[in-house]
Amino acid sequence: MRSLAKVNRAMRLAARPARAGYTYGLKRTEILSAQANGLTLLLLSAWLTYEAVRRLIEPPQVTGGLVLATALAGVVVNLAAAWLMSKANRSSLDVEGAFRHILTDLYAFIATAIAGVIIVVTGFARADAIASLAVVALMLKAGAGLVRESGRIFLEAAPAGLSPDKIGQALAGRPHVSEVHDLHIWQITSGMPAASAHVLVDAGRDCHAVRQDLEHVLEVDYEITHTTLQVDHAPGSLLTIQGTGRPAAGPHCGDSHGPVHRSAREAAIDE
């Protein structure tokens, strides 16, 4: 239940409007919370590993009935919490992190209940330690996944499943687009992808119409609705490279960040 309360606090903070220097508001609060969940799982797995190994070497006196009763009570509580969390919007990384945390607790109590049954039936005291090691493996997987996914957002990586190269090629292939560079795709927070780019449009074409077309492609094909596109005309015929007929580089973006995507026409001229 503490996980549910923490998620609610993080979501309330993330919902605050942008103000002062926080131009996106506090939307990444939930990502911080998800990362904290992941790190907590990793730290707990290290401590549980130590305790499990210690109990394997020197098994303590364990009352199987008490272990079983405690574990069954934990199973009931965590089943209820997991059911409540499954109803929430799990596209939020924080909600997903809390859900994984509760699932890990549920698996731990189930494993402990199984160990309790084994102790009651056979008297094998090391069953509890072996069950703990099985839970550790699940905790490591869940914790590492949360740290990796939240880290990608903090490092401004493209959302999973979106290839900036493919998107750049698709945008450069649209009518009247000469070149796309400085293309950046990232997540402001979970479920909120964003994109920015500098687009060069064929001379004499309507820049605003091209921008609207590209925004439509990003929204419909890639579900990116938060876009910032700087659209300019490509350098005119008076600024061509002698002997090629290809426009020379304009005065802007002399040092483009990332790959440059050109239309098929421009690529053929380059060759």
# chains A, B, ... in the order shown; residues from 1 in each chain; ligands from 1
$ residues_around --residues "range 192-204 of chain A" --least-positions-apart "3" --cutoff "8 Å" --atoms "only C-alpha atoms" --output "PyMOL selection string"
chain A and resi 159+176-189+207+210+223-236
$ residues_around --residues "Pro17 in chain A" --least-positions-apart "5" --cutoff "8 Å" --atoms "only C-alpha atoms" --output "PDB file with N, CA and C atoms, in the first residue's frame"
ATOM      1  N   TYR A  24       8.607  22.314 -18.494  1.00  0.00           N
ATOM      2  CA  TYR A  24       7.776  21.131 -18.689  1.00  0.00           C
ATOM      3  C   TYR A  24       7.017  20.781 -17.409  1.00  0.00           C
ATOM      4  N   GLY A  25       7.054  21.660 -16.417  1.00  0.00           N
ATOM      5  CA  GLY A  25       6.464  21.320 -15.138  1.00  0.00           C
ATOM      6  C   GLY A  25       7.327  20.299 -14.417  1.00  0.00           C
ATOM      7  N   LEU A  26       6.687  19.424 -13.657  1.00  0.00           N
ATOM      8  CA  LEU A  26       7.408  18.381 -12.909  1.00  0.00           C
ATOM      9  C   LEU A  26       7.035  16.998 -13.432  1.00  0.00           C
TER      10      LEU A  26
END
$ select_by_dssp --residues "range 130-233 of chain A" --states "strand (DSSP E)" --output "PyMOL selection string"
chain A and resi 177-189+192-201+226-233
$ write_last_selection --atoms "N, CA and C atoms" --output "PDB file, in the first residue's frame"
ATOM      1  N   VAL A 177      10.170  18.036 -49.662  1.00  0.00           N
ATOM      2  CA  VAL A 177      11.191  18.093 -48.612  1.00  0.00           C
ATOM      3  C   VAL A 177      12.542  17.822 -49.240  1.00  0.00           C
ATOM      4  N   SER A 178      13.482  18.720 -49.037  1.00  0.00           N
ATOM      5  CA  SER A 178      14.822  18.561 -49.583  1.00  0.00           C
ATOM      6  C   SER A 178      15.742  17.861 -48.602  1.00  0.00           C
ATOM      7  N   GLU A 179      15.624  18.201 -47.307  1.00  0.00           N
ATOM      8  CA  GLU A 179      16.555  17.653 -46.316  1.00  0.00           C
ATOM      9  C   GLU A 179      15.953  17.771 -44.918  1.00  0.00           C
ATOM     10  N   VAL A 180      16.284  16.806 -44.073  1.00  0.00           N
ATOM     11  CA  VAL A 180      15.903  16.844 -42.659  1.00  0.00           C
ATOM     12  C   VAL A 180      17.166  16.598 -41.839  1.00  0.00           C
ATOM     13  N   HIS A 181      17.482  17.536 -40.942  1.00  0.00           N
ATOM     14  CA  HIS A 181      18.629  17.322 -40.058  1.00  0.00           C
ATOM     15  C   HIS A 181      18.290  17.861 -38.666  1.00  0.00           C
ATOM     16  N   ASP A 182      19.236  17.701 -37.747  1.00  0.00           N
ATOM     17  CA  ASP A 182      18.986  18.053 -36.337  1.00  0.00           C
ATOM     18  C   ASP A 182      17.700  17.404 -35.834  1.00  0.00           C
ATOM     19  N   LEU A 183      17.482  16.157 -36.240  1.00  0.00           N
ATOM     20  CA  LEU A 183      16.282  15.432 -35.802  1.00  0.00           C
ATOM     21  C   LEU A 183      16.540  14.826 -34.424  1.00  0.00           C
ATOM     22  N   HIS A 184      15.706  15.171 -33.480  1.00  0.00           N
ATOM     23  CA  HIS A 184      15.806  14.640 -32.117  1.00  0.00           C
ATOM     24  C   HIS A 184      14.449  14.057 -31.718  1.00  0.00           C
ATOM     25  N   ILE A 185      14.473  12.848 -31.195  1.00  0.00           N
ATOM     26  CA  ILE A 185      13.251  12.195 -30.726  1.00  0.00           C
ATOM     27  C   ILE A 185      13.513  11.689 -29.317  1.00  0.00           C
ATOM     28  N   TRP A 186      12.664  12.059 -28.369  1.00  0.00           N
ATOM     29  CA  TRP A 186      12.884  11.694 -26.975  1.00  0.00           C
ATOM     30  C   TRP A 186      11.532  11.609 -26.269  1.00  0.00           C
ATOM     31  N   GLN A 187      11.574  11.313 -24.979  1.00  0.00           N
ATOM     32  CA  GLN A 187      10.352  11.280 -24.186  1.00  0.00           C
ATOM     33  C   GLN A 187      10.433  12.341 -23.093  1.00  0.00           C
ATOM     34  N   ILE A 188       9.430  13.195 -23.023  1.00  0.00           N
ATOM     35  CA  ILE A 188       9.357  14.150 -21.924  1.00  0.00           C
ATOM     36  C   ILE A 188       9.099  13.389 -20.627  1.00  0.00           C
ATOM     37  N   THR A 189       8.177  12.459 -20.692  1.00  0.00           N
ATOM     38  CA  THR A 189       7.913  11.515 -19.612  1.00  0.00           C
ATOM     39  C   THR A 189       7.290  10.290 -20.263  1.00  0.00           C
ATOM     40  N   MET A 192       4.780  10.222 -23.439  1.00  0.00           N
ATOM     41  CA  MET A 192       4.736  11.561 -24.028  1.00  0.00           C
ATOM     42  C   MET A 192       5.973  11.781 -24.904  1.00  0.00           C
ATOM     43  N   PRO A 193       6.010  11.147 -26.099  1.00  0.00           N
ATOM     44  CA  PRO A 193       7.162  11.331 -26.993  1.00  0.00           C
ATOM     45  C   PRO A 193       7.142  12.719 -27.625  1.00  0.00           C
ATOM     46  N   ALA A 194       8.320  13.191 -27.968  1.00  0.00           N
ATOM     47  CA  ALA A 194       8.446  14.511 -28.581  1.00  0.00           C
ATOM     48  C   ALA A 194       9.486  14.436 -29.695  1.00  0.00           C
ATOM     49  N   ALA A 195       9.392  15.365 -30.623  1.00  0.00           N
ATOM     50  CA  ALA A 195      10.348  15.406 -31.740  1.00  0.00           C
ATOM     51  C   ALA A 195      10.616  16.846 -32.135  1.00  0.00           C
ATOM     52  N   SER A 196      11.849  17.099 -32.556  1.00  0.00           N
ATOM     53  CA  SER A 196      12.202  18.390 -33.133  1.00  0.00           C
ATOM     54  C   SER A 196      13.134  18.133 -34.306  1.00  0.00           C
ATOM     55  N   ALA A 197      13.117  19.036 -35.285  1.00  0.00           N
ATOM     56  CA  ALA A 197      13.961  18.851 -36.462  1.00  0.00           C
ATOM     57  C   ALA A 197      14.042  20.155 -37.232  1.00  0.00           C
ATOM     58  N   HIS A 198      15.076  20.247 -38.055  1.00  0.00           N
ATOM     59  CA  HIS A 198      15.203  21.355 -38.999  1.00  0.00           C
ATOM     60  C   HIS A 198      14.955  20.780 -40.387  1.00  0.00           C
ATOM     61  N   VAL A 199      13.989  21.350 -41.086  1.00  0.00           N
ATOM     62  CA  VAL A 199      13.562  20.825 -42.382  1.00  0.00           C
ATOM     63  C   VAL A 199      13.830  21.873 -43.455  1.00  0.00           C
ATOM     64  N   LEU A 200      14.471  21.449 -44.538  1.00  0.00           N
ATOM     65  CA  LEU A 200      14.673  22.319 -45.697  1.00  0.00           C
ATOM     66  C   LEU A 200      13.680  21.927 -46.784  1.00  0.00           C
ATOM     67  N   VAL A 201      12.966  22.930 -47.287  1.00  0.00           N
ATOM     68  CA  VAL A 201      11.902  22.727 -48.267  1.00  0.00           C
ATOM     69  C   VAL A 201      12.372  23.249 -49.624  1.00  0.00           C
ATOM     70  N   HIS A 226       3.825  15.970 -29.854  1.00  0.00           N
ATOM     71  CA  HIS A 226       4.554  17.144 -29.361  1.00  0.00           C
ATOM     72  C   HIS A 226       5.745  17.375 -30.287  1.00  0.00           C
ATOM     73  N   THR A 227       5.595  18.276 -31.247  1.00  0.00           N
ATOM     74  CA  THR A 227       6.630  18.462 -32.265  1.00  0.00           C
ATOM     75  C   THR A 227       7.029  19.930 -32.371  1.00  0.00           C
ATOM     76  N   THR A 228       8.296  20.130 -32.673  1.00  0.00           N
ATOM     77  CA  THR A 228       8.827  21.467 -32.963  1.00  0.00           C
ATOM     78  C   THR A 228       9.663  21.357 -34.231  1.00  0.00           C
ATOM     79  N   LEU A 229       9.130  21.878 -35.328  1.00  0.00           N
ATOM     80  CA  LEU A 229       9.808  21.784 -36.614  1.00  0.00           C
ATOM     81  C   LEU A 229      10.182  23.179 -37.110  1.00  0.00           C
ATOM     82  N   GLN A 230      11.476  23.378 -37.298  1.00  0.00           N
ATOM     83  CA  GLN A 230      11.937  24.612 -37.935  1.00  0.00           C
ATOM     84  C   GLN A 230      11.998  24.347 -39.431  1.00  0.00           C
ATOM     85  N   VAL A 231      11.240  25.104 -40.204  1.00  0.00           N
ATOM     86  CA  VAL A 231      11.117  24.859 -41.643  1.00  0.00           C
ATOM     87  C   VAL A 231      11.630  26.074 -42.403  1.00  0.00           C
ATOM     88  N   ASP A 232      12.598  25.840 -43.301  1.00  0.00           N
ATOM     89  CA  ASP A 232      13.162  26.907 -44.125  1.00  0.00           C
ATOM     90  C   ASP A 232      13.257  26.420 -45.568  1.00  0.00           C
ATOM     91  N   HIS A 233      13.339  27.389 -46.479  1.00  0.00           N
ATOM     92  CA  HIS A 233      13.581  27.016 -47.868  1.00  0.00           C
ATOM     93  C   HIS A 233      15.029  26.597 -48.058  1.00  0.00           C
TER      94      HIS A 233
END
$ closest_residue --among "A:Ile102, A:Val136, A:Leu39, A:Val120" --to "Thr63 in chain A" --atoms "only C-alpha atoms"
A:Val120
$ select_by_dssp --residues "range 16-228 of chain A" --states "helix (DSSP H, G or I)" --output "VMD selection string"
chain A and resid 29 to 57 64 to 86 93 to 122 127 to 154 164 to 172 207 to 222
$ write_last_selection --atoms "C-alpha atoms" --output "short mmCIF file (atom, residue, chain, number, x, y, z; two decimals), in the first residue's frame"
data_model
loop_
_atom_site.label_atom_id
_atom_site.label_comp_id
_atom_site.auth_asym_id
_atom_site.auth_seq_id
_atom_site.Cartn_x
_atom_site.Cartn_y
_atom_site.Cartn_z
CA THR A 29 8.80 13.29 -11.06
CA GLU A 30 7.16 9.98 -11.87
CA ILE A 31 10.30 8.86 -13.72
CA LEU A 32 12.37 9.70 -10.62
CA SER A 33 9.91 7.64 -8.58
CA ALA A 34 10.16 4.71 -11.01
CA GLN A 35 13.96 4.85 -10.88
CA ALA A 36 13.81 4.89 -7.07
CA ASN A 37 11.59 1.79 -7.23
CA GLY A 38 14.13 0.06 -9.46
CA LEU A 39 17.10 0.98 -7.27
CA THR A 40 15.20 -0.15 -4.17
CA LEU A 41 14.56 -3.54 -5.76
CA LEU A 42 18.25 -3.89 -6.65
CA LEU A 43 19.40 -2.95 -3.13
CA LEU A 44 16.87 -5.30 -1.54
CA SER A 45 17.98 -8.12 -3.82
CA ALA A 46 21.59 -7.64 -2.67
CA TRP A 47 20.55 -7.76 0.99
CA LEU A 48 18.29 -10.79 0.45
CA THR A 49 21.07 -12.61 -1.38
CA TYR A 50 23.38 -12.11 1.59
CA GLU A 51 20.72 -13.30 4.04
CA ALA A 52 19.77 -16.30 1.88
CA VAL A 53 23.36 -17.46 1.51
CA ARG A 54 23.91 -17.05 5.26
CA ARG A 55 20.80 -19.17 6.00
CA LEU A 56 21.92 -21.79 3.49
CA ILE A 57 25.26 -22.15 5.26
CA GLY A 64 7.08 -23.99 9.27
CA GLY A 65 3.51 -23.30 10.40
CA LEU A 66 4.27 -19.70 11.35
CA VAL A 67 6.12 -19.14 8.06
CA LEU A 68 3.16 -20.53 6.11
CA ALA A 69 0.55 -18.47 7.97
CA THR A 70 2.52 -15.22 7.56
CA ALA A 71 3.14 -15.91 3.88
CA LEU A 72 -0.53 -16.63 3.15
CA ALA A 73 -1.56 -13.36 4.81
CA GLY A 74 1.01 -11.54 2.65
CA VAL A 75 -0.31 -13.26 -0.48
CA VAL A 76 -3.86 -12.03 0.22
CA VAL A 77 -2.77 -8.42 0.84
CA ASN A 78 -0.52 -8.25 -2.23
CA LEU A 79 -3.12 -9.93 -4.46
CA ALA A 80 -5.54 -7.15 -3.53
CA ALA A 81 -2.90 -4.47 -4.17
CA ALA A 82 -1.90 -6.03 -7.51
CA TRP A 83 -5.56 -6.16 -8.58
CA LEU A 84 -5.99 -2.46 -7.76
CA MET A 85 -2.79 -1.53 -9.62
CA SER A 86 -3.81 -3.56 -12.67
CA LEU A 93 6.50 4.15 -15.82
CA ASP A 94 5.92 5.03 -12.17
CA VAL A 95 2.67 3.03 -12.05
CA GLU A 96 4.38 0.16 -13.86
CA GLY A 97 7.27 0.33 -11.39
CA ALA A 98 4.95 0.19 -8.39
CA PHE A 99 3.06 -2.69 -10.03
CA ARG A 100 6.30 -4.63 -10.52
CA HIS A 101 7.26 -3.91 -6.92
CA ILE A 102 3.96 -5.31 -5.66
CA LEU A 103 4.23 -8.33 -7.97
CA THR A 104 7.69 -9.03 -6.60
CA ASP A 105 6.32 -8.90 -3.05
CA LEU A 106 3.52 -11.25 -4.13
CA TYR A 107 5.99 -13.73 -5.65
CA ALA A 108 8.08 -13.52 -2.49
CA PHE A 109 5.13 -14.45 -0.27
CA ILE A 110 4.10 -17.25 -2.64
CA ALA A 111 7.64 -18.65 -2.58
CA THR A 112 7.70 -18.31 1.21
CA ALA A 113 4.37 -20.15 1.47
CA ILE A 114 5.75 -22.99 -0.65
CA ALA A 115 8.85 -23.07 1.55
CA GLY A 116 6.63 -23.15 4.63
CA VAL A 117 4.76 -26.18 3.29
CA ILE A 118 8.05 -27.96 2.54
CA ILE A 119 9.34 -27.21 6.06
CA VAL A 120 6.12 -28.48 7.66
CA VAL A 121 6.07 -31.67 5.56
CA THR A 122 9.77 -32.56 5.38
CA ALA A 127 13.76 -24.36 1.73
CA ASP A 128 13.18 -20.81 2.97
CA ALA A 129 16.64 -19.68 1.83
CA ILE A 130 16.24 -21.34 -1.57
CA ALA A 131 12.87 -19.60 -2.01
CA SER A 132 14.56 -16.28 -1.18
CA LEU A 133 17.14 -16.81 -3.92
CA ALA A 134 14.37 -17.48 -6.45
CA VAL A 135 12.71 -14.21 -5.44
CA VAL A 136 16.06 -12.40 -5.75
CA ALA A 137 16.23 -13.40 -9.43
CA LEU A 138 12.78 -11.86 -10.03
CA MET A 139 13.74 -8.70 -8.12
CA LEU A 140 16.92 -8.28 -10.15
CA LYS A 141 15.01 -8.57 -13.41
CA ALA A 142 12.32 -6.08 -12.37
CA GLY A 143 14.77 -3.62 -10.80
CA ALA A 144 17.19 -3.65 -13.72
CA GLY A 145 14.31 -3.12 -16.16
CA LEU A 146 13.03 -0.07 -14.28
CA VAL A 147 16.50 1.49 -13.95
CA ARG A 148 17.18 0.88 -17.66
CA GLU A 149 13.85 2.31 -18.85
CA SER A 150 13.97 5.37 -16.59
CA GLY A 151 17.62 5.91 -17.55
CA ARG A 152 16.68 6.00 -21.23
CA ILE A 153 14.23 8.81 -20.53
CA PHE A 154 16.75 10.81 -18.49
CA PRO A 164 15.04 8.09 -35.55
CA ASP A 165 16.79 6.97 -38.74
CA LYS A 166 13.61 5.46 -40.19
CA ILE A 167 11.56 8.47 -39.14
CA GLY A 168 14.11 10.83 -40.67
CA GLN A 169 14.03 8.90 -43.94
CA ALA A 170 10.22 8.93 -43.94
CA LEU A 171 10.11 12.70 -43.39
CA ALA A 172 12.76 13.34 -46.07
CA CYS A 207 6.84 25.87 -45.95
CA HIS A 208 3.72 25.92 -43.76
CA ALA A 209 1.95 23.27 -45.85
CA VAL A 210 5.03 21.03 -45.70
CA ARG A 211 5.28 21.48 -41.93
CA GLN A 212 1.62 20.54 -41.49
CA ASP A 213 2.14 17.45 -43.63
CA LEU A 214 5.16 16.35 -41.57
CA GLU A 215 3.33 16.95 -38.30
CA HIS A 216 0.47 14.81 -39.62
CA VAL A 217 2.91 11.99 -40.49
CA LEU A 218 4.51 12.14 -37.04
CA GLU A 219 1.13 12.06 -35.32
CA VAL A 220 -0.58 9.36 -37.39
CA ASP A 221 2.32 7.03 -38.17
CA TYR A 222 4.41 7.41 -35.00
#
